[in-house]
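Colleague: Contents of entry_22.cif (mmCIF, C-alpha atoms) are given next:
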data_entry
#
loop_
_atom_site.label_atom_id
_atom_site.label_comp_id
_atom_site.auth_asym_id
_atom_site.auth_seq_id
_atom_site.Cartn_x
_atom_site.Cartn_y
_atom_site.Cartn_z
CA MET K 1095 259.51 58.65 143.69
CA THR K 1096 258.36 61.94 145.25
CA LEU K 1097 257.32 63.25 141.83
CA LYS K 1098 255.29 60.11 141.23
CA ILE K 1099 253.44 60.50 144.57
CA LEU K 1100 252.80 64.17 143.83
CA PHE K 1101 251.46 63.29 140.37
CA TYR K 1102 249.09 60.60 141.69
CA SER K 1103 247.94 62.89 144.50
CA ALA K 1104 247.10 65.58 141.95
CA VAL K 1105 245.22 63.08 139.77
CA LEU K 1106 243.27 61.84 142.80
CA LEU K 1107 242.38 65.40 143.83
CA ILE K 1108 241.17 66.26 140.32
CA ALA K 1109 239.13 63.04 140.22
CA LEU K 1110 237.52 63.82 143.58
CA LEU K 1111 236.65 67.37 142.59
CA GLY K 1112 235.26 66.16 139.29
CA TYR K 1113 233.25 63.47 141.04
CA ARG K 1114 231.77 66.03 143.41
CA SER K 1115 230.36 68.08 140.57
CA TYR K 1116 228.60 65.01 139.18
CA ALA K 1117 227.50 63.48 142.47
CA THR K 1118 224.80 66.00 143.14
CA ALA K 1119 221.37 65.86 144.61
CA GLY K 1120 217.90 65.53 143.26
CA GLU K 1121 216.12 68.07 141.14
CA LEU K 1122 215.58 71.65 142.25
CA PRO K 1123 211.93 72.43 142.97
CA LYS K 1124 210.53 74.84 140.42
CA VAL K 1125 209.05 78.25 141.16
CA GLY K 1126 205.27 77.90 141.47
CA ASN K 1127 205.39 74.26 142.59
CA PHE K 1128 204.63 73.20 146.13
CA ALA K 1129 207.73 73.03 148.31
CA PRO K 1130 208.81 69.54 149.37
CA ASN K 1131 207.64 68.75 152.86
CA PHE K 1132 210.16 68.35 155.65
CA LYS K 1133 210.15 67.18 159.23
CA LEU K 1134 213.39 67.87 161.10
CA ASN K 1135 214.50 68.66 164.64
CA ASP K 1136 216.16 71.86 165.75
CA ALA K 1137 219.01 72.18 168.25
CA GLN K 1138 216.59 71.84 171.19
CA GLY K 1139 214.93 68.71 169.78
CA LYS K 1140 211.75 70.51 168.67
CA THR K 1141 210.31 69.14 165.42
CA HIS K 1142 209.67 71.57 162.57
CA GLN K 1143 207.75 70.83 159.40
CA LEU K 1144 206.63 72.86 156.41
CA ALA K 1145 203.03 73.06 157.67
CA ASP K 1146 204.24 74.96 160.76
CA TYR K 1147 204.94 77.93 158.48
CA ALA K 1148 201.65 77.98 156.53
CA GLY K 1149 200.20 81.45 156.07
CA GLN K 1150 203.59 83.20 156.06
CA TYR K 1151 206.75 83.35 154.02
CA LEU K 1152 209.49 80.90 154.88
CA VAL K 1153 213.13 81.54 154.09
CA LEU K 1154 214.47 77.99 154.05
CA TYR K 1155 218.20 78.23 153.63
CA PHE K 1156 220.61 75.33 153.29
CA TYR K 1157 224.23 75.84 154.23
CA PRO K 1158 227.36 73.64 154.23
CA LYS K 1159 228.74 73.73 157.78
CA ASP K 1160 228.21 75.38 161.17
CA ASP K 1161 230.78 77.93 162.31
CA THR K 1162 232.64 78.31 159.02
CA PRO K 1163 233.31 81.79 157.59
CA GLY K 1164 230.68 81.92 154.82
CA CYS K 1165 228.01 80.13 156.84
CA THR K 1166 228.64 82.39 159.83
CA LYS K 1167 228.40 85.53 157.70
CA GLU K 1168 225.14 84.34 156.13
CA ALA K 1169 223.58 83.33 159.47
CA CYS K 1170 224.58 86.62 161.12
CA GLN K 1171 223.10 88.61 158.24
CA PHE K 1172 219.80 86.75 158.69
CA ARG K 1173 220.04 87.41 162.45
CA ASP K 1174 220.66 91.12 161.90
CA ASP K 1175 217.80 91.43 159.37
CA LEU K 1176 215.33 89.17 161.18
CA VAL K 1177 213.12 92.02 162.44
CA GLN K 1178 212.73 93.33 158.89
CA LEU K 1179 211.98 89.85 157.56
CA GLU K 1180 209.41 89.19 160.27
CA LYS K 1181 207.71 92.56 159.57
CA LEU K 1182 207.26 91.25 156.02
CA GLY K 1183 205.66 88.08 157.39
CA ALA K 1184 208.69 85.82 156.89
CA LYS K 1185 210.32 83.26 159.15
CA VAL K 1186 213.90 82.07 158.70
CA VAL K 1187 215.03 78.47 159.10
CA GLY K 1188 218.54 77.15 158.41
CA VAL K 1189 219.29 73.55 157.44
CA SER K 1190 222.55 71.64 157.26
CA VAL K 1191 223.72 68.07 157.71
CA ASP K 1192 225.39 69.01 161.02
CA ASN K 1193 224.02 67.44 164.21
CA SER K 1194 221.89 69.19 166.83
CA ASP K 1195 224.82 69.74 169.23
CA SER K 1196 226.78 71.51 166.50
CA HIS K 1197 223.72 73.67 165.74
CA ALA K 1198 223.23 74.49 169.42
CA ASN K 1199 226.86 75.63 169.78
CA PHE K 1200 226.72 77.66 166.55
CA ALA K 1201 223.43 79.34 167.52
CA LYS K 1202 224.69 80.13 171.02
CA LYS K 1203 228.04 81.51 169.85
CA TYR K 1204 226.43 83.92 167.36
CA HIS K 1205 223.10 84.54 169.15
CA LEU K 1206 221.06 83.13 166.28
CA PRO K 1207 217.35 83.58 167.13
CA PHE K 1208 215.95 81.30 164.42
CA PRO K 1209 215.87 77.49 164.18
CA LEU K 1210 218.74 75.52 162.70
CA LEU K 1211 217.48 72.12 161.60
CA SER K 1212 219.58 68.99 161.57
CA ASP K 1213 219.34 66.97 158.34
CA ILE K 1214 222.02 64.41 159.21
CA GLU K 1215 220.94 61.94 156.53
CA GLY K 1216 220.60 64.70 153.92
CA LYS K 1217 217.13 63.60 152.84
CA VAL K 1218 215.54 67.05 153.04
CA ALA K 1219 218.50 68.72 151.32
CA ASP K 1220 218.24 66.06 148.62
CA SER K 1221 214.51 66.70 148.15
CA TYR K 1222 215.36 70.36 147.51
CA GLY K 1223 218.24 69.54 145.14
CA ALA K 1224 220.63 71.01 147.70
CA LEU K 1225 222.82 68.03 148.56
CA SER K 1226 226.30 67.21 147.33
CA HIS K 1227 228.13 63.95 147.87
CA LEU K 1228 231.90 63.75 148.13
CA ILE K 1229 232.46 60.00 148.16
CA VAL K 1230 231.06 59.20 151.63
CA VAL K 1231 230.64 62.79 152.86
CA LYS K 1232 227.35 64.61 152.39
CA ILE K 1233 227.22 68.38 152.45
CA ALA K 1234 224.40 70.84 151.86
CA LYS K 1235 224.84 73.33 149.05
CA ARG K 1236 224.36 77.01 149.84
CA TYR K 1237 220.86 77.23 148.36
CA THR K 1238 217.88 79.20 149.64
CA PHE K 1239 214.20 78.75 148.91
CA LEU K 1240 211.66 81.49 149.50
CA ILE K 1241 208.39 79.68 150.14
CA ASP K 1242 205.15 81.67 150.03
CA SER K 1243 202.19 81.55 152.42
CA GLN K 1244 200.56 78.79 150.34
CA GLY K 1245 203.61 76.53 150.61
CA LYS K 1246 204.76 77.16 147.03
CA ILE K 1247 208.26 78.01 145.90
CA ALA K 1248 208.33 81.76 145.22
CA LYS K 1249 212.05 82.07 144.48
CA VAL K 1250 215.12 79.84 144.31
CA TYR K 1251 218.61 81.14 145.07
CA THR K 1252 221.48 78.94 143.92
CA LYS K 1253 224.14 81.66 143.76
CA VAL K 1254 224.36 83.33 147.15
CA ASP K 1255 226.48 86.29 148.23
CA THR K 1256 226.50 85.67 152.00
CA SER K 1257 227.04 89.36 152.82
CA LYS K 1258 223.97 90.54 150.85
CA HIS K 1259 221.66 87.54 150.79
CA SER K 1260 219.19 88.51 153.52
CA GLN K 1261 218.76 91.99 152.00
CA GLN K 1262 218.19 90.38 148.59
CA ILE K 1263 215.37 88.31 150.11
CA ILE K 1264 213.87 91.38 151.80
CA ASP K 1265 213.89 93.17 148.43
CA ASP K 1266 212.35 90.14 146.69
CA ILE K 1267 209.54 89.81 149.25
CA ASN K 1268 208.79 93.51 148.86
CA ASN K 1269 208.73 93.10 145.07
CA ILE K 1270 206.41 90.09 145.30
CA LYS K 1271 204.05 91.95 147.64
CA ASN K 1272 204.04 95.06 145.44
CA ASN K 1273 203.22 93.02 142.32
CA HIS K 1274 200.22 91.24 143.85
#
Turn this file's structure into structure tokens for me.
Modeller:
Amino acid sequence: MTLKILFYSAVLLIALLGYRSYATAGELPKVGNFAPNFKLNDAQGKTHQLADYAGQYLVLYFYPKDDTPGCTKEACQFRDDLVQLEKLGAKVVGVSVDNSDSHANFAKKYHLPFPLLSDIEGKVADSYGALSHLIVVKIAKRYTFLIDSQGKIAKVYTKVDTSKHSQQIIDDINNIKNNH
């Protein structure tokens, strides 16, 4: 009997993991296309939208969950490199499906000086191709979009090393600026 339960549990786990890889979000925006618009609230209830960042670079990064190891490392790297990013004319905004209270606690705990936007329904993450569904649970994928001053996608990052990601973006902005 125990072997049978173990077997069915393993089959169910494999089915769920397989389902997750197929139950993915919409299409990724392409480099050169206009970024999908968004209108979301931050932890303090302030509304942010794409137009608020016109005329500057926007690092719009999606992440799975507040206060988890990888998400914390990524957020703290952005925090630590924020002065460099801002000198390059870039703003940083994080987005997850966590609620505003969770964002407020996460930002306070790690002294995060940039907005964390709450996309509880996952609509914005979906419009960026950055949403996964696990049966009834929605989670943002760890994707980042570098949006230029015109509101166009300059770079898409779907494979992120959380310990080096902010430096990678700094290097990419410098490369873009040097090639224009």
Colleague: Taking a cut-off of 10 Å and counting all atoms listed in the file, can you build a table that, for each residue of region 1153-1181 of chain K near region 1224-1234 of chain K, reports the nearest atom pair and how far apart they are in Å (one decimal), sorted by chain then residue number, as a tab-separated table?
Modeller:
residue	atom	partner	partner_atom	distance
K:Tyr1155	CA	K:Ala1224	CA	9.7
K:Phe1156	CA	K:Ala1234	CA	6.0
K:Tyr1157	CA	K:Ala1234	CA	5.5
K:Pro1158	CA	K:Ala1234	CA	4.7
K:Lys1159	CA	K:Ile1233	CA	7.7
Colleague: Just to be explicit: take each residue in the selection above, keep C-alpha atoms, and write the result as an mmCIF file, in the coordinates of the input.
Modeller:
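The resulting selection37.cif:
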data_model
loop_
_atom_site.group_PDB
_atom_site.id
_atom_site.type_symbol
_atom_site.label_atom_id
_atom_site.label_comp_id
_atom_site.auth_asym_id
_atom_site.auth_seq_id
_atom_site.Cartn_x
_atom_site.Cartn_y
_atom_site.Cartn_z
ATOM 1 C CA TYR K 1155 218.200 78.230 153.630
ATOM 2 C CA PHE K 1156 220.610 75.330 153.290
ATOM 3 C CA TYR K 1157 224.230 75.840 154.230
ATOM 4 C CA PRO K 1158 227.360 73.640 154.230
ATOM 5 C CA LYS K 1159 228.740 73.730 157.780
#
Colleague: With the file shown as input, list the residues that the PyMOL selection byres ((chain K and resi 1187) around 6) selects, as JSON, numbers by chain.
Modeller: {"K": [1154, 1186, 1188, 1209, 1210]}
Colleague: Could you tell me, as a ChimeraX atom specification, exactly which residues end up selected when the PyMOL selection byres ((chain K and resi 1217) around 12) is applied to this structure?
Modeller: /K:1119-1120,1130-1134,1189-1191,1212-1216,1218-1226,1232-1234
Colleague: Quick one: pull the distance between CA of Val1250 (chain K) and CA of Tyr1237 (chain K), Å, one decimal.
Modeller: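 Separation of CA of Val1250 (chain K) and CA of Tyr1237 (chain K): 7.5 Å.
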Colleague: Which distance in Å separates CA of Glu1180 (chain K) and CA of Tyr1151 (chain K), to one decimal?
Modeller: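 About the pair CA of Glu1180 (chain K) and CA of Tyr1151 (chain K): they are 9.0 Å apart.
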Colleague: Which residues are near Ala1129 (chain K)? Cut-off 8 Å, only C-alpha atoms, ignore same chain within fewer than 2 positions. Put them as number ranges by chain.
Modeller: K: 1123, 1127, 1131, 1241, 1245-1247
Colleague: Record the distance separating CA of Gly1164 (chain K) and CA of Ile1270 (chain K), expressed in Å with one decimal.
Modeller: 27.3 Å
Colleague: What residues come out when you apply the PyMOL selection byres ((chain K and resi 1195) around 10) to this file, written as a ChimeraX atom specification?
Modeller: /K:1136-1139,1192-1194,1196-1201,1212
Colleague: Leu1179 (chain K): which residues within 12 Å, counting all atoms listed in the file, same-chain residues fewer than 6 positions away excluded, as a list of chain:residue names?
Modeller: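 So, after excluding close chain neighbours, the residues are K:Gln1150, K:Tyr1151, K:Leu1152, K:Val1153, K:Gln1171, K:Phe1172, K:Arg1173, K:Lys1185, K:Val1186, K:Val1187, K:Phe1208, K:Leu1240, K:Ser1260, K:Gln1261, K:Gln1262, K:Ile1263, K:Ile1264, K:Asp1265, K:Asp1266, K:Ile1267, K:Asn1268.
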Colleague: Rank K:Thr1166, K:Lys1249, K:Gly1183, K:Asp1160 by their smallest atom-to-atom distance to Lys1124 (chain K), using only C-alpha atoms, and report the top residue only.
Modeller: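 Using only C-alpha atoms, Lys1124 (chain K) sits closest to K:Lys1249.
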Colleague: Identify which of the residues K:Cys1170, K:Lys1258, K:Leu1182, K:His1142 lies closest to Asp1242 (chain K), counting only C-alpha atoms when measuring atom-to-atom distances.
Modeller: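 Selected residue with least distance to Asp1242 (chain K): K:Leu1182.
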Colleague: Using all atoms listed in the file, pick whichever of K:Leu1122, K:Gln1143, K:Ala1169, K:Ala1148 has the shortest atom-to-atom distance to Ser1243 (chain K).
Modeller: K:Ala1148
Colleague: Box for region 1172-1191 of chain K - axis-aligned, 5 Å on each of the six sides, all listed atoms - centre and size in Å to one decimal, as AutoDock Vina command-line options.
Modeller:
--center_x 214.7 --center_y 80.7 --center_z 159.2 --size_x 28.1 --size_y 35.3 --size_z 16.4
